[in-house]
>>> print(open('run.cif').read())   # mmCIF, C-alpha atoms
data_query
loop_
_atom_site.label_atom_id
_atom_site.label_comp_id
_atom_site.auth_asym_id
_atom_site.auth_seq_id
_atom_site.Cartn_x
_atom_site.Cartn_y
_atom_site.Cartn_z
CA MET A 1 115.44 82.34 35.96
CA ASN A 2 116.45 79.09 37.56
CA ASP A 3 120.05 78.10 38.28
CA GLU A 4 120.44 76.16 35.02
CA GLN A 5 119.36 79.17 32.99
CA LEU A 6 121.66 81.45 34.99
CA LEU A 7 124.59 79.08 34.48
CA GLY A 8 123.85 78.96 30.75
CA ALA A 9 123.79 82.75 30.63
CA LEU A 10 127.05 82.95 32.57
CA ARG A 11 128.73 80.53 30.16
CA SER A 12 127.46 82.24 26.98
CA ASP A 13 127.86 85.88 28.05
CA PRO A 14 129.53 86.22 31.47
CA GLN A 15 128.73 89.92 31.84
CA LYS A 16 125.01 89.58 31.15
CA GLY A 17 124.85 86.36 33.11
CA PHE A 18 126.50 88.01 36.08
CA GLU A 19 124.04 90.91 35.91
CA ALA A 20 121.20 88.38 35.99
CA VAL A 21 122.73 86.61 38.99
CA VAL A 22 123.07 89.91 40.86
CA ARG A 23 119.47 90.85 40.03
CA GLN A 24 118.11 87.50 41.15
CA TYR A 25 120.21 86.91 44.27
CA SER A 26 120.90 90.41 45.68
CA GLY A 27 118.15 90.13 48.27
CA TYR A 28 119.25 86.65 49.27
CA VAL A 29 122.90 87.63 49.75
CA LEU A 30 121.92 90.86 51.52
CA LYS A 31 119.77 88.87 53.97
CA ILE A 32 122.70 86.56 54.78
CA ALA A 33 124.99 89.55 55.32
CA ARG A 34 122.46 91.38 57.52
CA VAL A 35 121.88 88.35 59.70
CA LYS A 36 125.56 87.64 60.18
CA LEU A 37 126.88 91.21 60.34
CA GLY A 38 123.98 93.32 61.57
CA ASP A 39 125.33 93.68 65.11
CA VAL A 40 128.90 94.57 64.18
CA CYS A 41 128.73 96.47 60.89
CA THR A 42 127.16 99.61 59.53
CA ARG A 43 124.74 99.50 56.61
CA GLU A 44 127.53 100.67 54.32
CA ASP A 45 129.85 97.90 55.54
CA ILE A 46 127.14 95.32 54.87
CA GLU A 47 126.56 96.67 51.36
CA GLU A 48 130.30 96.52 50.71
CA ALA A 49 130.35 92.93 51.95
CA VAL A 50 127.54 92.03 49.53
CA SER A 51 129.53 93.53 46.64
CA ASP A 52 132.61 91.59 47.72
CA ILE A 53 130.59 88.37 47.87
CA PHE A 54 129.36 88.81 44.30
CA LEU A 55 132.89 89.60 43.10
CA LYS A 56 134.23 86.48 44.82
CA PHE A 57 131.41 84.49 43.20
CA TYR A 58 132.30 85.83 39.75
CA LYS A 59 136.00 85.09 40.25
CA ALA A 60 135.36 81.57 41.53
CA GLY A 61 132.87 80.87 38.74
CA SER A 62 135.08 82.22 35.96
CA GLU A 63 138.02 80.14 37.21
CA ARG A 64 135.82 77.05 36.71
CA GLY A 65 134.32 78.22 33.42
CA PHE A 66 131.01 78.55 35.27
CA GLU A 67 130.79 74.76 35.46
CA LEU A 68 128.98 74.87 38.78
CA ARG A 69 126.31 72.72 40.36
CA SER A 70 124.33 75.63 41.79
CA VAL A 71 124.57 79.41 41.69
CA ARG A 72 122.66 79.69 44.96
CA GLY A 73 124.82 77.06 46.62
CA LEU A 74 128.10 78.74 45.72
CA LEU A 75 126.75 82.16 46.72
CA SER A 76 125.63 80.72 50.07
CA VAL A 77 129.05 79.25 50.81
CA ILE A 78 130.94 82.38 49.76
CA ALA A 79 128.55 84.66 51.68
CA GLY A 80 128.79 82.57 54.84
CA ARG A 81 132.58 82.41 54.78
CA HIS A 82 133.06 86.07 53.84
CA CYS A 83 130.68 87.29 56.54
CA THR A 84 132.32 85.05 59.13
CA ASP A 85 135.72 86.53 58.24
CA ILE A 86 134.39 90.09 58.55
CA PHE A 87 132.64 89.25 61.83
CA ARG A 88 135.87 87.90 63.33
CA VAL A 89 137.81 90.99 62.31
CA LYS A 90 135.16 93.36 63.67
CA LYS A 91 134.75 91.48 66.95
CA ASN A 92 138.51 91.43 67.55
CA ALA A 93 139.02 95.09 66.64
CA VAL A 94 139.67 97.41 69.53
CA GLU A 95 137.00 100.10 69.43
CA THR A 96 138.56 102.73 71.68
CA VAL A 97 139.32 106.34 71.13
CA GLY A 98 141.97 108.15 73.12
CA PHE A 99 140.93 110.95 75.44
CA ASP A 100 142.70 113.56 73.28
CA GLU A 101 140.90 112.31 70.18
CA LEU A 102 137.57 112.40 72.02
CA GLU A 103 138.16 116.03 72.90
CA ASN A 104 138.83 116.80 69.24
CA LEU A 105 135.65 115.00 68.21
CA ILE A 106 133.32 116.81 70.55
CA ALA A 107 134.68 120.34 70.72
CA GLU A 108 137.14 122.64 69.06
CA ASP A 109 137.17 124.84 72.15
CA LYS A 110 140.77 125.54 73.22
CA ASP A 111 139.64 126.24 76.81
CA MET A 112 138.22 122.71 77.21
CA ASN A 113 139.41 121.04 80.38
CA VAL A 114 138.82 117.64 81.95
CA PRO A 115 136.34 118.80 84.62
CA ASP A 116 134.19 120.47 81.93
CA LEU A 117 134.24 117.31 79.84
CA ALA A 118 133.48 115.08 82.82
CA ALA A 119 130.55 117.29 83.84
CA ALA A 120 129.22 117.25 80.28
CA VAL A 121 129.45 113.45 80.12
CA LYS A 122 127.69 113.17 83.48
CA SER A 123 124.91 115.46 82.23
CA LEU A 124 124.11 112.94 79.47
CA GLY A 125 122.33 110.83 82.08
CA GLU A 126 122.16 107.07 82.35
CA PRO A 127 122.91 104.82 80.54
CA ASP A 128 124.77 107.19 78.20
CA SER A 129 127.23 108.50 80.79
CA PHE A 130 127.94 104.89 81.85
CA ILE A 131 128.58 103.96 78.19
CA PHE A 132 130.91 106.91 77.59
CA ILE A 133 132.93 106.31 80.76
CA ARG A 134 133.33 102.61 79.97
CA LYS A 135 134.13 103.18 76.29
CA TYR A 136 136.34 106.26 76.29
CA TRP A 137 137.93 106.32 79.73
CA PHE A 138 138.31 102.59 80.42
CA GLY A 139 138.62 101.44 76.80
CA GLN A 140 136.03 98.70 77.19
CA LYS A 141 134.78 97.10 73.95
CA ASN A 142 131.32 97.98 72.67
CA ALA A 143 130.24 94.34 72.70
CA ASP A 144 131.17 93.99 76.39
CA ILE A 145 129.34 97.18 77.34
CA ALA A 146 126.28 96.12 75.35
CA ARG A 147 126.24 92.71 77.01
CA GLU A 148 126.54 94.33 80.44
CA LEU A 149 123.60 96.63 79.69
CA GLY A 150 121.54 93.90 77.99
CA MET A 151 121.37 95.61 74.60
CA SER A 152 122.58 94.75 71.12
CA PRO A 153 125.91 96.18 69.91
CA GLY A 154 123.99 97.98 67.16
CA ALA A 155 121.78 99.73 69.72
CA LEU A 156 124.85 100.67 71.73
CA ASN A 157 126.55 102.13 68.64
CA THR A 158 123.45 104.23 67.99
CA ARG A 159 123.50 105.52 71.59
CA VAL A 160 127.21 106.41 71.24
CA SER A 161 126.61 108.28 67.98
CA ARG A 162 123.66 110.22 69.37
CA GLY A 163 125.50 110.79 72.63
CA LEU A 164 128.47 112.32 70.81
CA ASP A 165 126.12 114.73 69.03
CA LYS A 166 124.44 115.66 72.32
CA LEU A 167 127.80 116.02 74.07
CA ARG A 168 129.06 118.31 71.34
CA LYS A 169 125.98 120.53 71.76
CA ILE A 170 126.37 120.59 75.55
CA LEU A 171 130.01 121.63 75.27
CA GLU A 172 129.25 124.27 72.65
CA GLY A 173 126.52 125.65 74.90
CA THR A 174 123.76 125.11 72.35
CA LEU A 175 121.84 122.57 74.44
#
>>> encode(input="run.cif", output="structure tokens")
Amino acid sequence: MNDEQLLGALRSDPQKGFEAVVRQYSGYVLKIARVKLGDVCTREDIEEAVSDIFLKFYKAGSERGFELRSVRGLLSVIAGRHCTDIFRVKKNAVETVGFDELENLIAEDKDMNVPDLAAAVKSLGEPDSFIFIRKYWFGQKNADIARELGMSPGALNTRVSRGLDKLRKILEGTL
């Protein structure tokens, strides 16, 4: 369907028209969201952003009686603005975890002490031990650590996630 047909469908039966818009433009909106948010959001966050974009489109269109120039144009504007807002929030969010919370994440062992934890972090090897020290002890932001190591924030987040799993196994004695 072209935009004129989609607009006609939206005007005659908003629910069916909206379903057609979502079917036709899901890939397009998802691509915009992935490009703008891929380094700062999880896949689930991006999918939620896409849903929010379509809801904002429906609200904006229904307020105007779906008298729009272009479905694609309005979706592009809404997607760009919504993703920019999310990006700003994510980039400004402090991504630190307190030492006590880190201990709770990686081990339920009551006998855990700081030297054991420090030795376990050191045993992760580079660059993982560097990442953990910067992130959890110094409270440095993921984006800053990633830039310092020359990797994307998404790659750094993956290393942190895998590192936490490995650290948990080290501290439980299963690795």
>>> closest_residue(input="run.cif", among="A:Leu75, A:Val22, A:Gly163, A:Gln5", to="Leu124 (chain A)", atoms="all atoms listed in the file")
A:Gly163
>>> resolve_selection(input="run.cif", expression="the PyMOL selection byres ((chain A and resi 9) around 12)", output="list in words")
Met1, Asn2, Asp3, Glu4, Gln5, Leu6, Leu7, Gly8, Leu10, Arg11, Ser12, Asp13, Pro14, Gln15, Lys16, Gly17, Phe18, Glu19, Ala20, Val21, Gly65, Phe66, Glu67 and Val71 of chain A
>>> resolve_selection(input="run.cif", expression="the PyMOL selection byres ((chain A and resi 32-34) around 10)", output="list in words")
Gly27, Tyr28, Val29, Leu30, Lys31, Val35, Lys36, Leu37, Gly38, Asp39, Val40, Cys41, Thr42, Arg43, Asp45, Ile46, Glu47, Glu48, Ala49, Val50, Ile53, Ser76, Ala79, Gly80, His82, Cys83, Thr84 and Ile86 of chain A
>>> atom_distance(input="run.cif", atom1="CA of Asp116 (chain A)", atom2="CA of Lys141 (chain A)")
24.7 Å
>>> atom_distance(input="run.cif", atom1="CA of Phe132 (chain A)", atom2="CA of Leu171 (chain A)")
14.9 Å
>>> resolve_selection(input="run.cif", expression="the PyMOL selection byres ((chain A and resi 166) around 12)", output="PyMOL selection string")
chain A and resi 105-107+120-125+128-129+159-165+167-175
>>> atom_distance(input="run.cif", atom1="CA of Glu148 (chain A)", atom2="CA of Ala119 (chain A)")
23.6 Å
>>> closest_residue(input="run.cif", among="A:Ser51, A:Pro127, A:Ala60, A:Ile133", to="Gly150 (chain A)", atoms="only C-alpha atoms")
A:Pro127
>>> closest_residue(input="run.cif", among="A:Ser70, A:Ala146, A:Phe87, A:Met151", to="Arg134 (chain A)", atoms="all atoms listed in the file")
A:Ala146
